[in-house]
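In what follows, a structure is listed as C-alpha coordinates, so that the remarks can point back to it.
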Amino acid sequence: MKFISPKIDYAFKKIFGSQQSKDILISFLNAIIYGGEKVIKSLTIINPYNPGKTITLKDTYLDVKAVLVDGSLVVIEMQVARMTAFSKRVMYNLVKGYGNQLKTGEDYPLLNPAIALTITDFILFKDKPDVINPFVFKHREKNWKYPDDELQLIFVELPKFKKTLSELNTLTDKWIYFLKETSSLDAIPESLGEVEEIEMALNIANSVNMTPEELEIVEQRGIALQDEKGRITYAEQQGEAKGEAKGRLSEAIALVIRLLKKRFGEIPGTITTQVEGLLLEDLESLTEDILDFNSLEDLESWLKER
(Lines give C-alpha, C1' and ligand atoms only; values in the text may rest on other atoms or scores of the structure.)
Protein backbone atom coordinates (compact mmCIF):
# COMPACT_ATOMS: atom_id res chain seq x y z
CA MET A 1 0.00 0.00 0.00
CA LYS A 2 1.01 3.57 -0.59
CA PHE A 3 -0.61 6.33 1.41
CA ILE A 4 -0.73 10.02 0.60
CA SER A 5 0.27 12.44 3.31
CA PRO A 6 -2.58 14.17 5.20
CA LYS A 7 -0.20 17.10 5.61
CA ILE A 8 -0.80 18.01 1.97
CA ASP A 9 -3.69 20.44 2.14
CA TYR A 10 -5.64 18.89 -0.73
CA ALA A 11 -5.37 15.41 0.80
CA PHE A 12 -6.32 16.81 4.21
CA LYS A 13 -9.48 18.27 2.69
CA LYS A 14 -10.38 14.97 1.01
CA ILE A 15 -9.81 12.91 4.16
CA PHE A 16 -11.57 15.15 6.68
CA GLY A 17 -13.92 17.20 4.51
CA SER A 18 -15.66 14.72 2.22
CA GLN A 19 -19.33 13.87 2.61
CA GLN A 20 -18.36 10.41 3.87
CA SER A 21 -15.91 11.92 6.37
CA LYS A 22 -18.43 12.95 9.04
CA ASP A 23 -17.59 10.10 11.46
CA ILE A 24 -13.87 10.60 10.77
CA LEU A 25 -14.09 14.29 11.60
CA ILE A 26 -16.16 13.66 14.76
CA SER A 27 -13.56 11.19 16.06
CA PHE A 28 -10.69 13.51 15.15
CA LEU A 29 -12.23 16.58 16.81
CA ASN A 30 -13.15 14.63 19.95
CA ALA A 31 -9.55 13.42 20.13
CA ILE A 32 -7.92 16.82 19.67
CA ILE A 33 -10.38 19.18 21.37
CA TYR A 34 -11.80 16.93 24.10
CA GLY A 35 -8.96 14.49 24.80
CA GLY A 36 -10.80 11.50 23.35
CA GLU A 37 -14.10 11.99 25.17
CA LYS A 38 -17.17 11.55 22.98
CA VAL A 39 -18.44 15.09 23.44
CA ILE A 40 -19.28 15.73 19.78
CA LYS A 41 -22.10 13.45 18.64
CA SER A 42 -22.97 15.07 15.35
CA LEU A 43 -21.81 17.79 12.97
CA THR A 44 -22.37 19.18 9.52
CA ILE A 45 -19.51 19.76 7.08
CA ILE A 46 -20.40 23.07 5.49
CA ASN A 47 -17.81 23.24 2.70
CA PRO A 48 -17.35 19.59 1.70
CA TYR A 49 -14.68 18.34 -0.65
CA ASN A 50 -16.07 18.12 -4.15
CA PRO A 51 -14.28 15.56 -6.37
CA GLY A 52 -15.90 17.08 -9.43
CA LYS A 53 -14.42 20.50 -8.81
CA THR A 54 -10.96 21.16 -10.20
CA ILE A 55 -8.66 22.65 -7.60
CA THR A 56 -5.55 24.30 -8.99
CA LEU A 57 -2.29 25.38 -7.42
CA LYS A 58 -3.64 28.93 -7.43
CA ASP A 59 -5.87 27.90 -4.53
CA THR A 60 -3.46 28.62 -1.69
CA TYR A 61 -5.86 28.15 1.21
CA LEU A 62 -7.88 25.01 1.88
CA ASP A 63 -9.67 24.34 5.13
CA VAL A 64 -12.41 22.17 6.57
CA LYS A 65 -15.38 23.87 8.22
CA ALA A 66 -18.02 22.18 10.31
CA VAL A 67 -20.95 23.18 12.50
CA LEU A 68 -21.39 21.07 15.63
CA VAL A 69 -24.78 20.01 16.92
CA ASP A 70 -24.72 22.84 19.50
CA GLY A 71 -24.15 25.38 16.71
CA SER A 72 -20.43 25.91 17.33
CA LEU A 73 -18.36 26.66 14.23
CA VAL A 74 -15.07 24.78 13.85
CA VAL A 75 -12.47 25.76 11.24
CA ILE A 76 -9.69 23.19 10.77
CA GLU A 77 -6.56 24.04 8.82
CA MET A 78 -3.35 22.22 7.96
CA GLN A 79 -0.35 24.54 7.59
CA VAL A 80 2.90 22.99 6.33
CA ALA A 81 5.12 26.06 5.94
CA ARG A 82 5.59 29.22 7.97
CA MET A 83 4.24 32.47 6.62
CA THR A 84 4.42 36.13 7.57
CA ALA A 85 2.02 37.11 10.37
CA PHE A 86 0.71 33.53 10.55
CA SER A 87 -0.65 33.89 14.09
CA LYS A 88 -2.48 37.07 13.09
CA ARG A 89 -4.06 35.33 10.10
CA VAL A 90 -5.33 32.50 12.29
CA MET A 91 -6.90 35.02 14.69
CA TYR A 92 -8.39 37.00 11.80
CA ASN A 93 -10.02 33.92 10.29
CA LEU A 94 -11.44 32.93 13.67
CA VAL A 95 -12.95 36.35 14.34
CA LYS A 96 -14.21 36.63 10.76
CA GLY A 97 -15.93 33.25 10.98
CA TYR A 98 -17.49 34.22 14.30
CA GLY A 99 -18.78 37.57 13.05
CA ASN A 100 -20.07 36.23 9.74
CA GLN A 101 -22.70 34.18 11.58
CA LEU A 102 -24.87 37.29 11.90
CA LYS A 103 -26.66 39.06 9.13
CA THR A 104 -27.32 42.78 9.31
CA GLY A 105 -29.83 43.57 12.03
CA GLU A 106 -29.67 40.19 13.79
CA ASP A 107 -29.18 39.98 17.56
CA TYR A 108 -25.95 38.99 19.32
CA PRO A 109 -27.56 36.05 21.19
CA LEU A 110 -27.69 34.27 17.83
CA LEU A 111 -23.89 34.05 17.80
CA ASN A 112 -22.45 30.60 18.47
CA PRO A 113 -18.92 29.80 19.70
CA ALA A 114 -16.14 29.51 17.11
CA ILE A 115 -13.05 27.31 17.28
CA ALA A 116 -9.96 27.56 15.08
CA LEU A 117 -8.06 24.27 15.06
CA THR A 118 -4.70 24.70 13.33
CA ILE A 119 -2.25 21.85 12.66
CA THR A 120 1.28 22.99 11.85
CA ASP A 121 4.18 21.01 10.41
CA PHE A 122 6.58 23.43 12.08
CA ILE A 123 7.19 24.54 15.65
CA LEU A 124 5.17 27.63 16.46
CA PHE A 125 5.77 27.95 20.21
CA LYS A 126 9.46 27.49 20.90
CA ASP A 127 10.53 26.28 24.36
CA LYS A 128 6.98 24.96 24.96
CA PRO A 129 6.97 21.12 24.98
CA ASP A 130 3.22 20.46 24.61
CA VAL A 131 2.05 19.17 21.23
CA ILE A 132 -1.46 20.60 21.66
CA ASN A 133 -1.86 24.17 22.91
CA PRO A 134 -5.39 25.56 23.48
CA PHE A 135 -6.15 29.25 24.09
CA VAL A 136 -9.24 31.02 25.45
CA PHE A 137 -9.89 34.50 26.84
CA LYS A 138 -8.79 34.80 30.48
CA HIS A 139 -8.26 37.53 33.06
CA ARG A 140 -4.75 38.89 32.51
CA GLU A 141 -3.64 38.84 36.15
CA LYS A 142 -5.96 36.37 37.92
CA ASN A 143 -6.36 33.79 35.13
CA TRP A 144 -10.12 33.26 35.41
CA LYS A 145 -12.07 32.73 32.23
CA TYR A 146 -14.19 35.22 30.35
CA PRO A 147 -17.90 34.42 30.99
CA ASP A 148 -18.43 32.92 27.51
CA ASP A 149 -16.00 30.56 25.76
CA GLU A 150 -16.96 32.16 22.47
CA LEU A 151 -13.55 32.05 20.81
CA GLN A 152 -10.99 29.27 21.07
CA LEU A 153 -7.65 28.80 19.35
CA ILE A 154 -6.15 25.31 19.32
CA PHE A 155 -2.74 24.54 17.80
CA VAL A 156 -1.27 21.09 17.10
CA GLU A 157 2.48 21.16 16.38
CA LEU A 158 3.38 17.91 14.63
CA PRO A 159 7.21 18.15 14.97
CA LYS A 160 6.86 17.98 18.76
CA PHE A 161 5.14 14.58 18.61
CA LYS A 162 7.80 11.89 19.06
CA LYS A 163 5.84 8.73 19.93
CA THR A 164 6.29 5.54 17.94
CA LEU A 165 3.53 3.09 16.98
CA SER A 166 4.13 0.98 20.08
CA GLU A 167 3.78 4.02 22.30
CA LEU A 168 0.35 5.13 21.08
CA ASN A 169 -1.98 4.79 24.05
CA THR A 170 -4.77 7.30 23.48
CA LEU A 171 -7.09 8.25 20.65
CA THR A 172 -5.34 11.63 20.58
CA ASP A 173 -1.95 9.94 20.10
CA LYS A 174 -3.27 7.84 17.25
CA TRP A 175 -4.80 10.72 15.34
CA ILE A 176 -1.67 12.85 15.66
CA TYR A 177 0.43 9.89 14.53
CA PHE A 178 -1.92 9.50 11.55
CA LEU A 179 -1.35 13.12 10.58
CA LYS A 180 2.41 12.95 10.93
CA GLU A 181 3.37 9.47 9.73
CA THR A 182 0.73 8.17 7.30
CA SER A 183 2.90 8.70 4.21
CA SER A 184 5.61 6.45 5.71
CA LEU A 185 3.28 3.47 6.21
CA ASP A 186 3.11 0.50 3.84
CA ALA A 187 0.10 -1.12 5.54
CA ILE A 188 -2.54 -0.25 8.12
CA PRO A 189 -0.98 -0.92 11.56
CA GLU A 190 -3.11 -2.92 13.99
CA SER A 191 -3.05 -0.19 16.63
CA LEU A 192 -4.49 2.32 14.15
CA GLY A 193 -6.85 -0.09 12.39
CA GLU A 194 -8.60 -0.89 15.67
CA VAL A 195 -10.04 2.65 15.55
CA GLU A 196 -12.73 2.39 12.89
CA GLU A 197 -12.58 6.07 11.92
CA ILE A 198 -8.79 6.04 11.52
CA GLU A 199 -9.05 2.91 9.36
CA MET A 200 -11.60 4.77 7.21
CA ALA A 201 -9.24 7.75 6.97
CA LEU A 202 -6.36 5.48 5.93
CA ASN A 203 -8.50 3.91 3.22
CA ILE A 204 -9.27 7.36 1.85
CA ALA A 205 -5.54 8.18 2.00
CA ASN A 206 -4.70 4.97 0.13
CA SER A 207 -3.48 6.08 -3.28
CA VAL A 208 -5.19 3.05 -4.84
CA ASN A 209 -8.55 4.60 -4.02
CA MET A 210 -7.77 7.93 -5.70
CA THR A 211 -8.35 8.90 -9.31
CA PRO A 212 -5.41 9.74 -11.59
CA GLU A 213 -6.54 13.39 -11.54
CA GLU A 214 -6.55 13.47 -7.74
CA LEU A 215 -3.13 11.82 -7.55
CA GLU A 216 -1.72 14.38 -9.97
CA ILE A 217 -3.09 17.26 -7.89
CA VAL A 218 -1.72 15.71 -4.69
CA GLU A 219 1.70 15.30 -6.31
CA GLN A 220 1.70 18.89 -7.57
CA ARG A 221 0.55 20.16 -4.18
CA GLY A 222 3.25 18.17 -2.42
CA ILE A 223 5.98 19.53 -4.70
CA ALA A 224 4.69 23.09 -4.32
CA LEU A 225 4.59 22.81 -0.53
CA GLN A 226 8.10 21.34 -0.38
CA ASP A 227 9.36 24.14 -2.62
CA GLU A 228 7.73 26.68 -0.34
CA LYS A 229 9.26 25.09 2.76
CA GLY A 230 12.65 25.09 1.05
CA ARG A 231 12.29 28.75 0.08
CA ILE A 232 11.37 29.72 3.63
CA THR A 233 14.21 27.66 5.12
CA TYR A 234 16.70 29.27 2.73
CA ALA A 235 15.41 32.75 3.60
CA GLU A 236 15.71 31.99 7.30
CA GLN A 237 19.27 30.69 6.86
CA GLN A 238 20.21 33.78 4.86
CA GLY A 239 18.67 35.96 7.53
CA GLU A 240 20.59 34.15 10.26
CA ALA A 241 23.82 34.48 8.27
CA LYS A 242 23.24 38.21 7.77
CA GLY A 243 22.42 38.59 11.44
CA GLU A 244 25.63 36.81 12.46
CA ALA A 245 27.70 38.94 10.06
CA LYS A 246 26.07 42.11 11.38
CA GLY A 247 26.81 40.99 14.93
CA ARG A 248 30.48 40.38 14.14
CA LEU A 249 30.72 43.78 12.47
CA SER A 250 29.21 45.54 15.49
CA GLU A 251 31.59 43.72 17.83
CA ALA A 252 34.58 44.64 15.66
CA ILE A 253 33.57 48.34 15.57
CA ALA A 254 33.13 48.40 19.34
CA LEU A 255 36.55 46.77 19.84
CA VAL A 256 38.33 49.24 17.54
CA ILE A 257 36.69 52.25 19.23
CA ARG A 258 37.75 50.94 22.66
CA LEU A 259 41.33 50.40 21.48
CA LEU A 260 41.51 53.89 19.92
CA LYS A 261 40.17 55.56 23.05
CA LYS A 262 42.61 53.64 25.20
CA ARG A 263 45.52 54.77 23.01
CA PHE A 264 44.54 58.34 22.07
CA GLY A 265 41.81 59.37 24.51
CA GLU A 266 38.59 60.93 23.16
CA ILE A 267 38.09 60.30 19.44
CA PRO A 268 36.55 62.98 17.17
CA GLY A 269 33.09 62.16 15.80
CA THR A 270 34.34 62.37 12.21
CA ILE A 271 36.85 59.57 12.85
CA THR A 272 34.26 57.49 14.70
CA THR A 273 31.92 57.78 11.72
CA GLN A 274 34.67 56.64 9.34
CA VAL A 275 35.50 53.67 11.54
CA GLU A 276 31.83 52.67 11.68
CA GLY A 277 31.75 52.64 7.87
CA LEU A 278 34.65 50.20 7.47
CA LEU A 279 34.27 46.65 6.21
CA LEU A 280 34.85 43.79 8.64
CA GLU A 281 38.20 42.86 7.11
CA ASP A 282 39.39 46.49 7.36
CA LEU A 283 38.36 46.62 11.02
CA GLU A 284 40.30 43.43 11.69
CA SER A 285 43.37 44.96 9.99
CA LEU A 286 42.95 48.16 12.01
CA THR A 287 43.05 46.29 15.31
CA GLU A 288 46.52 45.04 14.30
CA ASP A 289 47.79 48.38 12.94
CA ILE A 290 46.71 50.57 15.87
CA LEU A 291 49.94 49.90 17.76
CA ASP A 292 51.91 51.33 14.81
CA PHE A 293 50.12 54.71 15.02
CA ASN A 294 51.81 57.51 16.93
CA SER A 295 48.97 60.01 16.59
CA LEU A 296 45.44 60.51 15.30
CA GLU A 297 47.01 61.93 12.14
CA ASP A 298 48.50 58.51 11.42
CA LEU A 299 45.03 56.99 11.91
CA GLU A 300 43.47 59.54 9.57
CA SER A 301 46.07 58.77 6.90
CA TRP A 302 45.31 55.06 7.27
CA LEU A 303 41.58 55.70 6.91
CA LYS A 304 42.08 57.76 3.73
CA GLU A 305 43.65 54.75 2.07
CA ARG A 306 40.50 52.70 2.65
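Letters A, B, ... mark the chains of the C-alpha coordinates in the order given; residue numbers begin at 1 per chain; ligand numbers begin at 1, in order shown.
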_Env of Asp9 of chain A: 8 Å cut, atoms = only C-alpha atoms, seq-sep filter 5 positions within chain, self excluded. Answer as an MDAnalysis selection string._
chainID A and resid 62:63 78:79 221
Among segment 7-94 of chain A, which ones does DSSP assign to alpha helix (DSSP H) (computed from the backbone)? Answer as a PDB file with N, CA and C atoms, in the first residue's frame.
ATOM      1  N   ASP A   9      -2.394  19.819   1.884  1.00  0.00           N
ATOM      2  CA  ASP A   9      -3.692  20.436   2.140  1.00  0.00           C
ATOM      3  C   ASP A   9      -4.834  19.796   1.355  1.00  0.00           C
ATOM      4  N   TYR A  10      -4.602  19.480   0.098  1.00  0.00           N
ATOM      5  CA  TYR A  10      -5.645  18.887  -0.732  1.00  0.00           C
ATOM      6  C   TYR A  10      -6.063  17.527  -0.177  1.00  0.00           C
ATOM      7  N   ALA A  11      -5.074  16.717   0.220  1.00  0.00           N
ATOM      8  CA  ALA A  11      -5.367  15.414   0.805  1.00  0.00           C
ATOM      9  C   ALA A  11      -6.094  15.562   2.133  1.00  0.00           C
ATOM     10  N   PHE A  12      -5.679  16.538   2.922  1.00  0.00           N
ATOM     11  CA  PHE A  12      -6.323  16.806   4.213  1.00  0.00           C
ATOM     12  C   PHE A  12      -7.809  17.098   4.005  1.00  0.00           C
ATOM     13  N   LYS A  13      -8.098  17.916   2.992  1.00  0.00           N
ATOM     14  CA  LYS A  13      -9.484  18.273   2.687  1.00  0.00           C
ATOM     15  C   LYS A  13     -10.284  17.033   2.271  1.00  0.00           C
ATOM     16  N   LYS A  14      -9.689  16.175   1.486  1.00  0.00           N
ATOM     17  CA  LYS A  14     -10.380  14.971   1.008  1.00  0.00           C
ATOM     18  C   LYS A  14     -10.652  14.014   2.167  1.00  0.00           C
ATOM     19  N   ILE A  15      -9.683  13.859   3.059  1.00  0.00           N
ATOM     20  CA  ILE A  15      -9.814  12.906   4.163  1.00  0.00           C
ATOM     21  C   ILE A  15     -10.830  13.374   5.205  1.00  0.00           C
ATOM     22  N   PHE A  16     -10.750  14.652   5.573  1.00  0.00           N
ATOM     23  CA  PHE A  16     -11.575  15.154   6.677  1.00  0.00           C
ATOM     24  C   PHE A  16     -12.811  15.933   6.214  1.00  0.00           C
ATOM     25  N   GLY A  17     -12.837  16.332   4.945  1.00  0.00           N
ATOM     26  CA  GLY A  17     -13.922  17.205   4.513  1.00  0.00           C
ATOM     27  C   GLY A  17     -14.844  16.625   3.476  1.00  0.00           C
ATOM     28  N   LYS A  22     -17.815  12.402   7.837  1.00  0.00           N
ATOM     29  CA  LYS A  22     -18.427  12.947   9.043  1.00  0.00           C
ATOM     30  C   LYS A  22     -17.962  12.210  10.301  1.00  0.00           C
ATOM     31  N   ASP A  23     -18.013  10.868  10.278  1.00  0.00           N
ATOM     32  CA  ASP A  23     -17.585  10.095  11.455  1.00  0.00           C
ATOM     33  C   ASP A  23     -16.096  10.269  11.717  1.00  0.00           C
ATOM     34  N   ILE A  24     -15.305  10.380  10.642  1.00  0.00           N
ATOM     35  CA  ILE A  24     -13.867  10.603  10.774  1.00  0.00           C
ATOM     36  C   ILE A  24     -13.611  11.932  11.480  1.00  0.00           C
ATOM     37  N   LEU A  25     -14.301  12.964  11.032  1.00  0.00           N
ATOM     38  CA  LEU A  25     -14.092  14.291  11.598  1.00  0.00           C
ATOM     39  C   LEU A  25     -14.568  14.360  13.045  1.00  0.00           C
ATOM     40  N   ILE A  26     -15.676  13.687  13.373  1.00  0.00           N
ATOM     41  CA  ILE A  26     -16.158  13.663  14.760  1.00  0.00           C
ATOM     42  C   ILE A  26     -15.118  13.029  15.667  1.00  0.00           C
ATOM     43  N   SER A  27     -14.579  11.881  15.256  1.00  0.00           N
ATOM     44  CA  SER A  27     -13.563  11.188  16.058  1.00  0.00           C
ATOM     45  C   SER A  27     -12.313  12.053  16.223  1.00  0.00           C
ATOM     46  N   PHE A  28     -11.886  12.667  15.119  1.00  0.00           N
ATOM     47  CA  PHE A  28     -10.685  13.512  15.149  1.00  0.00           C
ATOM     48  C   PHE A  28     -10.869  14.711  16.082  1.00  0.00           C
ATOM     49  N   LEU A  29     -11.999  15.403  15.972  1.00  0.00           N
ATOM     50  CA  LEU A  29     -12.231  16.579  16.813  1.00  0.00           C
ATOM     51  C   LEU A  29     -12.386  16.201  18.283  1.00  0.00           C
ATOM     52  N   ASN A  30     -13.061  15.086  18.566  1.00  0.00           N
ATOM     53  CA  ASN A  30     -13.154  14.634  19.952  1.00  0.00           C
ATOM     54  C   ASN A  30     -11.777  14.325  20.527  1.00  0.00           C
ATOM     55  N   ALA A  31     -10.905  13.758  19.680  1.00  0.00           N
ATOM     56  CA  ALA A  31      -9.548  13.420  20.134  1.00  0.00           C
ATOM     57  C   ALA A  31      -8.725  14.662  20.430  1.00  0.00           C
ATOM     58  N   ILE A  32      -8.781  15.649  19.542  1.00  0.00           N
ATOM     59  CA  ILE A  32      -7.921  16.822  19.670  1.00  0.00           C
ATOM     60  C   ILE A  32      -8.495  17.856  20.633  1.00  0.00           C
ATOM     61  N   ILE A  33      -9.776  18.123  20.549  1.00  0.00           N
ATOM     62  CA  ILE A  33     -10.379  19.180  21.372  1.00  0.00           C
ATOM     63  C   ILE A  33     -10.763  18.680  22.758  1.00  0.00           C
ATOM     64  N   PHE A  86       1.565  34.720  10.531  1.00  0.00           N
ATOM     65  CA  PHE A  86       0.714  33.533  10.550  1.00  0.00           C
ATOM     66  C   PHE A  86      -0.262  33.561  11.721  1.00  0.00           C
ATOM     67  N   SER A  87       0.220  33.880  12.912  1.00  0.00           N
ATOM     68  CA  SER A  87      -0.651  33.887  14.088  1.00  0.00           C
ATOM     69  C   SER A  87      -1.763  34.923  13.957  1.00  0.00           C
ATOM     70  N   LYS A  88      -1.459  36.041  13.313  1.00  0.00           N
ATOM     71  CA  LYS A  88      -2.485  37.071  13.095  1.00  0.00           C
ATOM     72  C   LYS A  88      -3.543  36.576  12.108  1.00  0.00           C
ATOM     73  N   ARG A  89      -3.109  35.838  11.081  1.00  0.00           N
ATOM     74  CA  ARG A  89      -4.055  35.331  10.103  1.00  0.00           C
ATOM     75  C   ARG A  89      -5.020  34.344  10.734  1.00  0.00           C
ATOM     76  N   VAL A  90      -4.481  33.476  11.609  1.00  0.00           N
ATOM     77  CA  VAL A  90      -5.331  32.501  12.288  1.00  0.00           C
ATOM     78  C   VAL A  90      -6.387  33.220  13.127  1.00  0.00           C
ATOM     79  N   MET A  91      -5.959  34.251  13.869  1.00  0.00           N
ATOM     80  CA  MET A  91      -6.902  35.016  14.690  1.00  0.00           C
ATOM     81  C   MET A  91      -7.936  35.729  13.824  1.00  0.00           C
ATOM     82  N   TYR A  92      -7.480  36.291  12.707  1.00  0.00           N
ATOM     83  CA  TYR A  92      -8.393  37.002  11.804  1.00  0.00           C
ATOM     84  C   TYR A  92      -9.467  36.065  11.268  1.00  0.00           C
ATOM     85  N   ASN A  93      -9.055  34.873  10.832  1.00  0.00           N
ATOM     86  CA  ASN A  93     -10.023  33.919  10.286  1.00  0.00           C
ATOM     87  C   ASN A  93     -11.017  33.456  11.338  1.00  0.00           C
ATOM     88  N   LEU A  94     -10.547  33.324  12.576  1.00  0.00           N
ATOM     89  CA  LEU A  94     -11.441  32.931  13.668  1.00  0.00           C
ATOM     90  C   LEU A  94     -12.487  34.012  13.921  1.00  0.00           C
TER      91      LEU A  94
END
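The spacing separating atom CA of Trp302 of chain A from atom CA of Gln274 of chain A amounts to 11.0 Å.
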*Quick one: DSSP strand (DSSP E) residues in segment 15-207 of chain A, as an NGL selection string?*
:A and (43-45 or 63-68 or 73-79 or 114-120 or 132-135 or 151-157)
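Among the candidate residues A:Ser285, A:Asn133, A:Ser184, A:Ser295, the one lying nearest to Phe155 of chain A is A:Asn133, with distances computed using only C-alpha atoms.
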*atom CA of Leu73 of chain A to atom CA of Pro113 of chain A: how many Å, to one decimal?*
6.3 Å
_segment 36-45 of chain A environment, 6 Å, only C-alpha atoms, sequence neighbours closer than 4 positions dropped, as a ChimeraX atom specification_ = /A:30-31,65-69,171
*Could you name the residues that touch Phe161 of chain A at 10 Å or less, counting only C-alpha atoms, but leaving out those on the same chain fewer than 4 positions away, as JSON, numbers by chain?*
{"A": [129, 130, 131, 132, 156, 157, 173, 176, 177, 180]}
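Residues within 9 Å of segment 256-271 of chain A, counting only C-alpha atoms and excluding same-chain residues fewer than 3 positions away, are Glu251, Ala252, Ile253, Gln274, Val275, Glu276, Leu283, Glu284, Leu286, Thr287, Ile290, Leu291, Asn294, Ser295, Leu296, Leu299, Glu300 and Leu303 of chain A.
Across the model, the gap from atom CA of Tyr146 of chain A to atom CA of Ile46 of chain A is 28.4 Å.
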*List the neighbours of Ile123 of chain A out to 9 Å using only C-alpha atoms; skip same-chain residues closer than 6 positions along the sequence, and give me the result as an MDAnalysis selection string.*
chainID A and resid 157:160
